[in-house]
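S.K.: Sharing run-v1.cif, mmCIF, C-alpha atoms; chains and numbers go by the auth columns:
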```
data_upload
#
loop_
_atom_site.group_PDB
_atom_site.id
_atom_site.type_symbol
_atom_site.label_atom_id
_atom_site.label_comp_id
_atom_site.label_asym_id
_atom_site.label_seq_id
_atom_site.Cartn_x
_atom_site.Cartn_y
_atom_site.Cartn_z
_atom_site.B_iso_or_equiv
_atom_site.auth_seq_id
_atom_site.auth_asym_id
ATOM 1 C CA MET A 1 99.728 60.253 101.031 0.00 76 A
ATOM 2 C CA ASP A 2 99.605 63.925 100.063 0.00 77 A
ATOM 3 C CA LYS A 3 102.975 65.608 99.774 0.00 78 A
ATOM 4 C CA LYS A 4 103.386 68.311 102.412 0.00 79 A
ATOM 5 C CA LEU A 5 105.298 71.530 102.060 0.00 80 A
ATOM 6 C CA LYS A 6 108.373 71.256 104.288 0.00 81 A
ATOM 7 C CA LEU A 7 109.539 74.315 106.180 0.00 82 A
ATOM 8 C CA ARG A 8 113.020 74.114 107.675 0.00 83 A
ATOM 9 C CA ILE A 9 113.987 76.740 110.245 0.00 84 A
ATOM 10 C CA LEU A 10 117.618 77.788 109.783 0.00 85 A
ATOM 11 C CA GLY A 11 117.775 80.777 112.143 0.00 86 A
ATOM 12 C CA THR A 12 115.335 82.666 114.355 0.00 87 A
ATOM 13 C CA HIS A 13 117.045 85.750 115.829 0.00 88 A
ATOM 14 C CA ASN A 14 118.005 89.297 114.941 0.00 89 A
ATOM 15 C CA TYR A 15 121.278 89.115 116.934 0.00 90 A
ATOM 16 C CA GLU A 16 123.929 86.486 116.290 0.00 91 A
ATOM 17 C CA SER A 17 125.995 84.591 118.856 0.00 92 A
ATOM 18 C CA ARG A 18 127.205 81.047 119.470 0.00 93 A
ATOM 19 C CA ASP A 19 123.640 80.110 120.408 0.00 94 A
ATOM 20 C CA THR A 20 121.594 82.304 118.040 0.00 95 A
ATOM 21 C CA ARG A 21 121.452 82.544 114.262 0.00 96 A
ATOM 22 C CA TYR A 22 120.193 85.258 111.957 0.00 97 A
ATOM 23 C CA VAL A 23 116.824 84.709 110.301 0.00 98 A
ATOM 24 C CA SER A 24 116.523 82.303 107.389 0.00 99 A
ATOM 25 C CA PHE A 25 114.150 79.545 106.271 0.00 100 A
ATOM 26 C CA LEU A 26 114.082 76.849 103.622 0.00 101 A
ATOM 27 C CA ILE A 27 111.088 75.452 101.775 0.00 102 A
ATOM 28 C CA ASP A 28 111.388 71.907 100.438 0.00 103 A
ATOM 29 C CA ASP A 29 115.207 72.247 100.510 0.00 104 A
ATOM 30 C CA ILE A 30 115.210 74.423 97.355 0.00 105 A
ATOM 31 C CA LEU A 31 113.640 77.825 98.107 0.00 106 A
ATOM 32 C CA ALA A 32 115.167 80.071 100.784 0.00 107 A
ATOM 33 C CA LEU A 33 113.324 82.850 102.600 0.00 108 A
ATOM 34 C CA ASP A 34 115.945 85.420 103.554 0.00 109 A
ATOM 35 C CA ALA A 35 119.619 84.613 103.853 0.00 110 A
ATOM 36 C CA GLY A 36 120.752 85.375 107.380 0.00 111 A
ATOM 37 C CA SER A 37 122.165 81.950 108.250 0.00 112 A
ATOM 38 C CA ILE A 38 122.149 79.723 105.167 0.00 113 A
ATOM 39 C CA THR A 39 125.824 78.803 105.221 0.00 114 A
ATOM 40 C CA ARG A 40 126.030 78.507 109.008 0.00 115 A
ATOM 41 C CA ALA A 41 123.049 76.124 109.119 0.00 116 A
ATOM 42 C CA LEU A 42 123.547 73.960 106.012 0.00 117 A
ATOM 43 C CA THR A 43 126.168 71.531 104.744 0.00 118 A
ATOM 44 C CA PHE A 44 127.721 72.173 101.342 0.00 119 A
ATOM 45 C CA SER A 45 125.554 69.475 99.760 0.00 120 A
ATOM 46 C CA GLU A 46 122.442 71.067 101.290 0.00 121 A
ATOM 47 C CA GLN A 47 123.491 74.515 100.068 0.00 122 A
ATOM 48 C CA GLU A 48 123.809 73.139 96.526 0.00 123 A
ATOM 49 C CA LYS A 49 120.098 72.257 96.472 0.00 124 A
ATOM 50 C CA ILE A 50 119.027 75.903 96.764 0.00 125 A
ATOM 51 C CA ARG A 51 117.729 77.306 93.476 0.00 126 A
ATOM 52 C CA ALA A 52 116.104 80.583 94.548 0.00 127 A
ATOM 53 C CA ILE A 53 116.124 83.050 97.452 0.00 128 A
ATOM 54 C CA LEU A 54 113.331 85.484 98.349 0.00 129 A
ATOM 55 C CA LEU A 55 114.732 88.503 100.209 0.00 130 A
ATOM 56 C CA SER A 56 112.356 90.526 102.376 0.00 131 A
ATOM 57 C CA HIS A 57 114.630 93.581 102.761 0.00 132 A
ATOM 58 C CA GLY A 58 118.222 94.722 102.968 0.00 133 A
ATOM 59 C CA HIS A 59 119.056 94.637 106.673 0.00 134 A
ATOM 60 C CA PHE A 60 122.225 92.657 107.397 0.00 135 A
ATOM 61 C CA ASP A 61 120.566 89.935 109.480 0.00 136 A
ATOM 62 C CA HIS A 62 118.455 88.991 106.443 0.00 137 A
ATOM 63 C CA ILE A 63 121.027 89.150 103.630 0.00 138 A
ATOM 64 C CA ARG A 64 124.391 88.318 105.252 0.00 139 A
ATOM 65 C CA ASP A 65 124.844 84.906 103.629 0.00 140 A
ATOM 66 C CA ILE A 66 124.158 86.080 100.086 0.00 141 A
ATOM 67 C CA ASP A 67 127.870 86.835 100.007 0.00 142 A
ATOM 68 C CA SER A 68 129.091 83.710 101.818 0.00 143 A
ATOM 69 C CA LEU A 69 126.874 81.395 99.734 0.00 144 A
ATOM 70 C CA ALA A 70 128.214 82.816 96.491 0.00 145 A
ATOM 71 C CA LEU A 71 131.668 81.210 96.386 0.00 146 A
ATOM 72 C CA PRO A 72 130.643 77.568 96.984 0.00 147 A
ATOM 73 C CA SER A 73 127.751 78.048 94.551 0.00 148 A
ATOM 74 C CA LYS A 74 130.131 79.469 91.941 0.00 149 A
ATOM 75 C CA ASN A 75 132.543 76.567 92.439 0.00 150 A
ATOM 76 C CA ALA A 76 129.664 74.110 91.985 0.00 151 A
ATOM 77 C CA GLY A 77 128.599 75.833 88.746 0.00 152 A
ATOM 78 C CA LEU A 78 125.192 76.771 90.105 0.00 153 A
ATOM 79 C CA THR A 79 122.899 79.668 89.275 0.00 154 A
ATOM 80 C CA ILE A 80 120.532 80.947 91.990 0.00 155 A
ATOM 81 C CA ASN A 81 117.711 83.438 91.444 0.00 156 A
ATOM 82 C CA VAL A 82 117.590 86.184 94.090 0.00 157 A
ATOM 83 C CA ILE A 83 114.263 88.008 94.201 0.00 158 A
ATOM 84 C CA GLY A 84 112.996 91.077 96.042 0.00 159 A
ATOM 85 C CA ILE A 85 111.637 94.584 95.676 0.00 160 A
ATOM 86 C CA PRO A 86 113.838 97.010 93.685 0.00 161 A
ATOM 87 C CA GLU A 87 115.309 98.686 96.788 0.00 162 A
ATOM 88 C CA THR A 88 116.458 95.339 98.193 0.00 163 A
ATOM 89 C CA ILE A 89 117.905 94.063 94.933 0.00 164 A
ATOM 90 C CA GLN A 90 119.754 97.305 94.249 0.00 165 A
ATOM 91 C CA LEU A 91 121.335 97.139 97.709 0.00 166 A
ATOM 92 C CA VAL A 92 122.501 93.570 97.108 0.00 167 A
ATOM 93 C CA LYS A 93 123.786 94.523 93.669 0.00 168 A
ATOM 94 C CA SER A 94 125.782 97.421 95.080 0.00 169 A
ATOM 95 C CA THR A 95 127.499 95.309 97.741 0.00 170 A
ATOM 96 C CA LEU A 96 128.023 91.949 96.023 0.00 171 A
ATOM 97 C CA PRO A 97 131.262 91.482 94.068 0.00 172 A
ATOM 98 C CA LYS A 98 130.522 91.600 90.339 0.00 173 A
ATOM 99 C CA ILE A 99 132.261 88.271 89.804 0.00 174 A
ATOM 100 C CA TYR A 100 129.167 86.596 91.233 0.00 175 A
ATOM 101 C CA LEU A 101 126.837 88.473 88.921 0.00 176 A
ATOM 102 C CA GLU A 102 128.742 88.340 85.634 0.00 177 A
ATOM 103 C CA PRO A 103 131.551 85.741 85.767 0.00 178 A
ATOM 104 C CA ASN A 104 130.089 84.152 82.659 0.00 179 A
ATOM 105 C CA PRO A 105 127.047 85.569 80.838 0.00 180 A
ATOM 106 C CA LEU A 106 125.813 82.018 80.276 0.00 181 A
ATOM 107 C CA LEU A 107 126.204 80.909 83.885 0.00 182 A
ATOM 108 C CA PRO A 108 126.161 83.694 86.498 0.00 183 A
ATOM 109 C CA THR A 109 126.140 82.640 90.133 0.00 184 A
ATOM 110 C CA TYR A 110 123.233 84.951 90.937 0.00 185 A
ATOM 111 C CA VAL A 111 120.455 86.281 88.760 0.00 186 A
ATOM 112 C CA LEU A 112 118.948 89.276 90.568 0.00 187 A
ATOM 113 C CA GLU A 113 115.245 89.847 89.905 0.00 188 A
ATOM 114 C CA GLU A 114 113.307 92.948 90.903 0.00 189 A
ATOM 115 C CA LYS A 115 109.601 92.474 91.621 0.00 190 A
ATOM 116 C CA ASN A 116 107.105 95.205 92.407 0.00 191 A
ATOM 117 C CA PRO A 117 104.700 95.143 95.370 0.00 192 A
ATOM 118 C CA TYR A 118 101.551 93.073 94.761 0.00 193 A
ATOM 119 C CA GLU A 119 103.150 91.308 91.797 0.00 194 A
ATOM 120 C CA THR A 120 102.381 87.590 91.465 0.00 195 A
ATOM 121 C CA PHE A 121 104.870 85.291 89.731 0.00 196 A
ATOM 122 C CA SER A 122 106.194 81.732 89.665 0.00 197 A
ATOM 123 C CA VAL A 123 109.380 80.549 91.374 0.00 198 A
ATOM 124 C CA LEU A 124 110.356 76.922 90.876 0.00 199 A
ATOM 125 C CA ASN A 125 107.060 75.075 91.469 0.00 200 A
ATOM 126 C CA TYR A 126 105.495 77.759 93.672 0.00 201 A
ATOM 127 C CA GLY A 127 103.238 80.719 93.121 0.00 202 A
ATOM 128 C CA VAL A 128 104.543 83.831 94.889 0.00 203 A
ATOM 129 C CA THR A 129 102.934 87.178 95.672 0.00 204 A
ATOM 130 C CA ILE A 130 105.186 89.950 96.963 0.00 205 A
ATOM 131 C CA LEU A 131 103.596 92.413 99.379 0.00 206 A
ATOM 132 C CA PRO A 132 104.654 95.727 100.957 0.00 207 A
ATOM 133 C CA VAL A 133 105.040 95.726 104.740 0.00 208 A
ATOM 134 C CA ASN A 134 105.699 98.396 107.352 0.00 209 A
ATOM 135 C CA HIS A 135 109.360 98.570 108.392 0.00 210 A
ATOM 136 C CA SER A 136 112.138 101.104 108.934 0.00 211 A
ATOM 137 C CA ILE A 137 113.395 100.616 105.354 0.00 212 A
ATOM 138 C CA PRO A 138 111.490 99.468 102.251 0.00 213 A
ATOM 139 C CA ALA A 139 110.528 95.849 102.918 0.00 214 A
ATOM 140 C CA SER A 140 108.255 93.116 101.665 0.00 215 A
ATOM 141 C CA GLY A 141 106.604 89.913 102.710 0.00 216 A
ATOM 142 C CA PHE A 142 105.817 86.948 100.496 0.00 217 A
ATOM 143 C CA GLN A 143 102.898 84.578 100.124 0.00 218 A
ATOM 144 C CA ILE A 144 104.231 81.262 98.799 0.00 219 A
ATOM 145 C CA SER A 145 101.676 78.793 97.471 0.00 220 A
ATOM 146 C CA ASP A 146 101.635 75.220 96.268 0.00 221 A
ATOM 147 C CA GLU A 147 98.557 73.113 95.499 0.00 222 A
ATOM 148 C CA LYS A 148 97.421 72.959 99.144 0.00 223 A
ATOM 149 C CA ILE A 149 99.343 75.422 101.307 0.00 224 A
ATOM 150 C CA LYS A 150 99.581 79.211 101.277 0.00 225 A
ATOM 151 C CA LEU A 151 102.358 80.444 103.552 0.00 226 A
ATOM 152 C CA PHE A 152 102.743 84.157 104.266 0.00 227 A
ATOM 153 C CA TYR A 153 106.209 85.159 105.457 0.00 228 A
ATOM 154 C CA THR A 154 106.105 88.678 106.865 0.00 229 A
ATOM 155 C CA GLY A 155 109.829 89.423 106.912 0.00 230 A
ATOM 156 C CA ASP A 156 110.317 92.354 109.303 0.00 231 A
ATOM 157 C CA THR A 157 107.100 94.288 109.764 0.00 232 A
ATOM 158 C CA GLY A 158 105.073 96.450 112.074 0.00 233 A
ATOM 159 C CA SER A 159 101.392 95.990 112.762 0.00 234 A
ATOM 160 C CA GLN A 160 99.877 98.009 109.912 0.00 235 A
ATOM 161 C CA LEU A 161 99.028 95.102 107.608 0.00 236 A
ATOM 162 C CA SER A 162 95.291 95.508 107.026 0.00 237 A
ATOM 163 C CA HIS A 163 95.963 96.620 103.428 0.00 238 A
ATOM 164 C CA LEU A 164 97.167 93.087 102.629 0.00 239 A
ATOM 165 C CA TRP A 165 94.190 90.950 103.561 0.00 240 A
ATOM 166 C CA ASN A 166 92.190 91.614 100.407 0.00 241 A
ATOM 167 C CA HIS A 167 95.168 90.393 98.365 0.00 242 A
ATOM 168 C CA ILE A 168 96.169 87.177 100.147 0.00 243 A
ATOM 169 C CA SER A 169 94.544 84.465 102.246 0.00 244 A
ATOM 170 C CA PRO A 170 97.290 82.337 103.805 0.00 245 A
ATOM 171 C CA ASN A 171 96.596 79.338 105.994 0.00 246 A
ATOM 172 C CA VAL A 172 100.088 79.554 107.545 0.00 247 A
ATOM 173 C CA PHE A 173 101.517 82.782 108.968 0.00 248 A
ATOM 174 C CA LEU A 174 105.326 82.864 109.488 0.00 249 A
ATOM 175 C CA THR A 175 105.746 86.102 111.365 0.00 250 A
ATOM 176 C CA GLU A 176 108.358 88.105 113.164 0.00 251 A
ATOM 177 C CA VAL A 177 107.859 88.942 116.847 0.00 252 A
ATOM 178 C CA THR A 178 110.963 90.928 117.710 0.00 253 A
ATOM 179 C CA PHE A 179 110.139 92.575 121.036 0.00 254 A
ATOM 180 C CA GLY A 180 108.200 91.919 124.212 0.00 255 A
ATOM 181 C CA ASN A 181 105.135 93.996 125.008 0.00 256 A
ATOM 182 C CA GLU A 182 107.149 96.214 127.342 0.00 257 A
ATOM 183 C CA ASN A 183 108.908 97.544 124.217 0.00 258 A
ATOM 184 C CA ILE A 184 105.734 98.238 122.272 0.00 259 A
ATOM 185 C CA ASP A 185 106.540 101.915 121.630 0.00 260 A
ATOM 186 C CA LYS A 186 109.943 101.075 120.182 0.00 261 A
ATOM 187 C CA ALA A 187 108.410 98.266 118.111 0.00 262 A
ATOM 188 C CA ARG A 188 105.886 100.692 116.626 0.00 263 A
ATOM 189 C CA SER A 189 108.564 103.300 115.868 0.00 264 A
ATOM 190 C CA VAL A 190 110.886 100.933 113.962 0.00 265 A
ATOM 191 C CA GLY A 191 108.340 98.619 112.326 0.00 266 A
ATOM 192 C CA HIS A 192 108.397 95.447 114.404 0.00 267 A
ATOM 193 C CA LEU A 193 105.845 93.329 116.248 0.00 268 A
ATOM 194 C CA THR A 194 105.283 92.392 119.868 0.00 269 A
ATOM 195 C CA PRO A 195 102.839 89.662 120.961 0.00 270 A
ATOM 196 C CA PHE A 196 100.191 92.333 121.641 0.00 271 A
ATOM 197 C CA LEU A 197 100.647 93.859 118.174 0.00 272 A
ATOM 198 C CA LEU A 198 100.586 90.406 116.598 0.00 273 A
ATOM 199 C CA GLY A 199 97.249 89.835 118.314 0.00 274 A
ATOM 200 C CA GLU A 200 95.885 92.977 116.654 0.00 275 A
ATOM 201 C CA VAL A 201 97.142 91.763 113.270 0.00 276 A
ATOM 202 C CA LEU A 202 95.551 88.335 113.697 0.00 277 A
ATOM 203 C CA GLU A 203 92.223 89.776 114.808 0.00 278 A
ATOM 204 C CA GLU A 204 92.172 92.061 111.756 0.00 279 A
ATOM 205 C CA PHE A 205 92.946 89.059 109.576 0.00 280 A
ATOM 206 C CA GLU A 206 90.166 86.986 111.159 0.00 281 A
ATOM 207 C CA SER A 207 87.653 89.801 110.692 0.00 282 A
ATOM 208 C CA VAL A 208 88.324 89.725 106.927 0.00 283 A
ATOM 209 C CA HIS A 209 88.750 85.991 106.308 0.00 284 A
ATOM 210 C CA GLY A 210 86.714 84.393 109.092 0.00 285 A
ATOM 211 C CA TYR A 211 89.509 82.176 110.385 0.00 286 A
ATOM 212 C CA PHE A 212 92.892 82.351 112.067 0.00 287 A
ATOM 213 C CA PRO A 213 95.899 81.015 110.161 0.00 288 A
ATOM 214 C CA ARG A 214 98.376 78.611 111.699 0.00 289 A
ATOM 215 C CA VAL A 215 101.009 80.849 113.320 0.00 290 A
ATOM 216 C CA ILE A 216 104.787 80.327 113.486 0.00 291 A
ATOM 217 C CA ALA A 217 106.670 83.049 115.380 0.00 292 A
ATOM 218 C CA THR A 218 110.293 84.003 114.710 0.00 293 A
ATOM 219 C CA HIS A 219 112.893 86.852 114.580 0.00 294 A
ATOM 220 C CA PHE A 220 113.266 87.125 118.334 0.00 295 A
ATOM 221 C CA ASN A 221 115.482 89.644 120.042 0.00 296 A
ATOM 222 C CA PRO A 222 117.335 87.232 122.368 0.00 297 A
ATOM 223 C CA PHE A 223 117.299 89.738 125.240 0.00 298 A
ATOM 224 C CA TRP A 224 113.497 89.707 125.202 0.00 299 A
ATOM 225 C CA GLU A 225 112.941 86.115 124.113 0.00 300 A
ATOM 226 C CA ARG A 226 111.740 84.792 127.466 0.00 301 A
ATOM 227 C CA SER A 227 109.128 87.544 127.748 0.00 302 A
ATOM 228 C CA ILE A 228 108.130 87.122 124.114 0.00 303 A
ATOM 229 C CA CYS A 229 107.528 83.394 124.542 0.00 304 A
ATOM 230 C CA GLN A 230 105.482 83.896 127.713 0.00 305 A
ATOM 231 C CA GLU A 231 103.379 86.597 126.066 0.00 306 A
ATOM 232 C CA LEU A 232 102.859 84.497 122.945 0.00 307 A
ATOM 233 C CA GLN A 233 101.568 81.683 125.138 0.00 308 A
ATOM 234 C CA GLN A 234 99.088 84.109 126.686 0.00 309 A
ATOM 235 C CA LEU A 235 98.032 85.275 123.220 0.00 310 A
ATOM 236 C CA SER A 236 97.586 81.667 122.111 0.00 311 A
ATOM 237 C CA GLU A 237 95.230 81.044 125.021 0.00 312 A
ATOM 238 C CA GLU A 238 93.300 84.278 124.446 0.00 313 A
ATOM 239 C CA LEU A 239 92.698 83.571 120.738 0.00 314 A
ATOM 240 C CA GLY A 240 92.305 79.808 121.121 0.00 315 A
ATOM 241 C CA ILE A 241 94.941 79.021 118.507 0.00 316 A
ATOM 242 C CA GLU A 242 98.329 77.333 118.439 0.00 317 A
ATOM 243 C CA ILE A 243 101.340 79.612 118.090 0.00 318 A
ATOM 244 C CA ILE A 244 104.530 77.709 117.302 0.00 319 A
ATOM 245 C CA ILE A 245 107.766 79.185 118.679 0.00 320 A
ATOM 246 C CA SER A 246 110.313 78.536 115.943 0.00 321 A
ATOM 247 C CA VAL A 247 113.647 76.951 116.878 0.00 322 A
ATOM 248 C CA ALA A 248 116.777 76.626 114.743 0.00 323 A
ATOM 249 C CA ASP A 249 117.051 73.287 112.894 0.00 324 A
ATOM 250 C CA GLN A 250 113.346 72.586 113.396 0.00 325 A
ATOM 251 C CA ILE A 251 111.446 71.023 110.467 0.00 326 A
ATOM 252 C CA ILE A 252 107.705 71.691 110.185 0.00 327 A
ATOM 253 C CA ASP A 253 105.487 69.838 107.723 0.00 328 A
ATOM 254 C CA LEU A 254 102.758 72.229 106.616 0.00 329 A
#
```
Take the structure I supplied and represent it as structure tokens, if you would.
M.R.:
Amino acid sequence: MDKKLKLRILGTHNYESRDTRYVSFLIDDILALDAGSITRALTFSEQEKIRAILLSHGHFDHIRDIDSLALPSKNAGLTINVIGIPETIQLVKSTLPKIYLEPNPLLPTYVLEEKNPYETFSVLNYGVTILPVNHSIPASGFQISDEKIKLFYTGDTGSQLSHLWNHISPNVFLTEVTFGNENIDKARSVGHLTPFLLGEVLEEFESVHGYFPRVIATHFNPFWERSICQELQQLSEELGIEIIISVADQIIDL
């Protein structure tokens, strides 16, 4: 049987409460996408499996657990690569205590790596392409590839993504949908998506590649989540595709 890429959903919201967690995902237990809820969602033994983290941008709900993951990782003698565009890495570097960066030149807790937009590189056993996206601060998405699957994680983004489709061709689209359609003007102004804007993105993608990717929606504003889910269902029916509503602790085999 072919080995499938395993996507574990750690958190799916941009506000945190008892019932909602900040955004974070885990691929095959070893590669994290953003760090909003790593320590809240994982046991210590699960945290110790992480070897690299891809950070989309520097907003708190995406980087919060970089700090809280550091101490148990340091105590376990682990080194984790943290990768993002220069603006994101410099923000992390400016806020993270230096003990986690240089406690021992031979074994730092974190190795911070700056990558430029459109750069392709290897992380663990995956090919990664980092891509600029439209948000209120400098931000990036990532296409992560193994032998069979190409997953594009948007991070936080608005709808202006047509510049990406000549560079990547994912078959899985892990995308933010922060607001309901009623908030479309605000979404446009701050670089987020609504179901309507996601539909525009997917139609642009299909016009270039001739197919729709598998879609997994995330990064919900909990105050709009009910509307978002209803509108995503309508979009699914209009486009004739499945749109998965991500849920914390869900595991999806891709």
S.K.: State, in Å with one decimal place, the distance from CA of Pro147 in chain A to CA of Val203 in chain A.
M.R.: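 Interatomic distance here is 26.9 Å.
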S.K.: I'd like the interatomic distance between CA of Leu249 in chain A and CA of Glu306 in chain A, to a tenth of an Å.
M.R.: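 Distance between the two atoms: 17.1 Å.
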S.K.: Would you compute the distance between CA of Arg96 in chain A and CA of Phe287 in chain A? Give it in Å to one decimal.
M.R.: 28.6 Å
S.K.: Between A:Ser302, A:Ser148, A:Gln235, A:Ser112, which has the minimum distance to Thr184 in chain A (counting only C-alpha atoms)?
M.R.: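 The closest residue to Thr184 in chain A is A:Ser148.
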S.K.: Can you translate the PyMOL selection byres ((chain A and resi 304) around 12) into the concrete residues it hits in this file, as an NGL selection string?
M.R.: :A and (252-256 or 269-271 or 291-303 or 305-311 or 318-322)
S.K.: Taking all atoms listed in the file into account, name the residue in A:Ala116, A:Thr87, A:Glu278, A:Ser234 that is nearest to Asp260 in chain A.
M.R.: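 Closest residue, counting all atoms listed in the file: A:Ser234.
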S.K.: Find the residues around range 150-155 of chain A up to 6 Å (all atoms listed in the file counted), leave out those fewer than 5 positions away in its own chain, and share them as a list in words.
M.R.: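 With the cut-off at 6 Å, the set is Arg126, Ala127, Pro183, Thr184 and Tyr185 of chain A.
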S.K.: At a cut-off of 9 Å from (113.3, 74.4, 101.7) in the coordinates of the file, what residues are picked up using all atoms listed in the file, written as a PyMOL selection string?
M.R.: chain A and resi 80-84+100-108+124-125
S.K.: Would you mind telling me which residue in A:Leu146, A:Leu236, A:Ile113, A:Ile243 lies nearest to Leu273 in chain A when using only C-alpha atoms?
M.R.: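 Checking each of A:Leu146, A:Leu236, A:Ile113, A:Ile243 against Leu273 in chain A, counting only C-alpha atoms, the winner is A:Leu236.
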S.K.: Give the answer as one residue: which of A:His242, A:Lys190, A:His284, A:Lys225 has the shortest atom-to-atom distance to Ile158 in chain A, using only C-alpha atoms?
M.R.: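 Closest candidate: A:Lys190.
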S.K.: Expand the PyMOL selection byres ((chain A and resi 205) around 6) into the explicit residue set it covers here, and present it as a list in words.
M.R.: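 So the PyMOL selection byres ((chain A and resi 205) around 6), applied here, picks out Pro192, Tyr193, Glu194, Thr204, Leu206, Gly216 and Phe217 of chain A.
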S.K.: Report the residues retrieved by the PyMOL selection byres ((chain A and resi 263) around 10) from the displayed file, expressed as a PyMOL selection string.
M.R.: chain A and resi 209-211+232-235+258-262+264-269+272
S.K.: Nearest residue to Arg93 in chain A out of A:Val157, A:Ala214, A:Arg115, A:Asp231, using all atoms listed in the file?
M.R.: A:Arg115
S.K.: Would you mind telling me which residue in A:Glu257, A:Glu251, A:Glu162, A:Asp221 lies nearest to Val276 in chain A when using all atoms listed in the file?
M.R.: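 Selected residue with least distance to Val276 in chain A: A:Glu251.
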S.K.: Show me, as number ranges by chain, the residues that have an atom within 12 Å of Ser143 in chain A when counting only C-alpha atoms, minus same-chain residues fewer than 6 positions from it.
M.R.: A: 110-115, 117, 119, 122, 149, 171-172, 175
S.K.: Go ahead and write the selection's residues with C-alpha atoms as a PDB file, in the frame of the given file.
M.R.:
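Generated file (part.pdb):
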```
ATOM      1  CA  ALA A 110     119.619  84.613 103.853  1.00  0.00           C
ATOM      2  CA  GLY A 111     120.752  85.375 107.380  1.00  0.00           C
ATOM      3  CA  SER A 112     122.165  81.950 108.250  1.00  0.00           C
ATOM      4  CA  ILE A 113     122.149  79.723 105.167  1.00  0.00           C
ATOM      5  CA  THR A 114     125.824  78.803 105.221  1.00  0.00           C
ATOM      6  CA  ARG A 115     126.030  78.507 109.008  1.00  0.00           C
ATOM      7  CA  LEU A 117     123.547  73.960 106.012  1.00  0.00           C
ATOM      8  CA  PHE A 119     127.721  72.173 101.342  1.00  0.00           C
ATOM      9  CA  GLN A 122     123.491  74.515 100.068  1.00  0.00           C
ATOM     10  CA  LYS A 149     130.131  79.469  91.941  1.00  0.00           C
ATOM     11  CA  LEU A 171     128.023  91.949  96.023  1.00  0.00           C
ATOM     12  CA  PRO A 172     131.262  91.482  94.068  1.00  0.00           C
ATOM     13  CA  TYR A 175     129.167  86.596  91.233  1.00  0.00           C
TER      14      TYR A 175
END
```
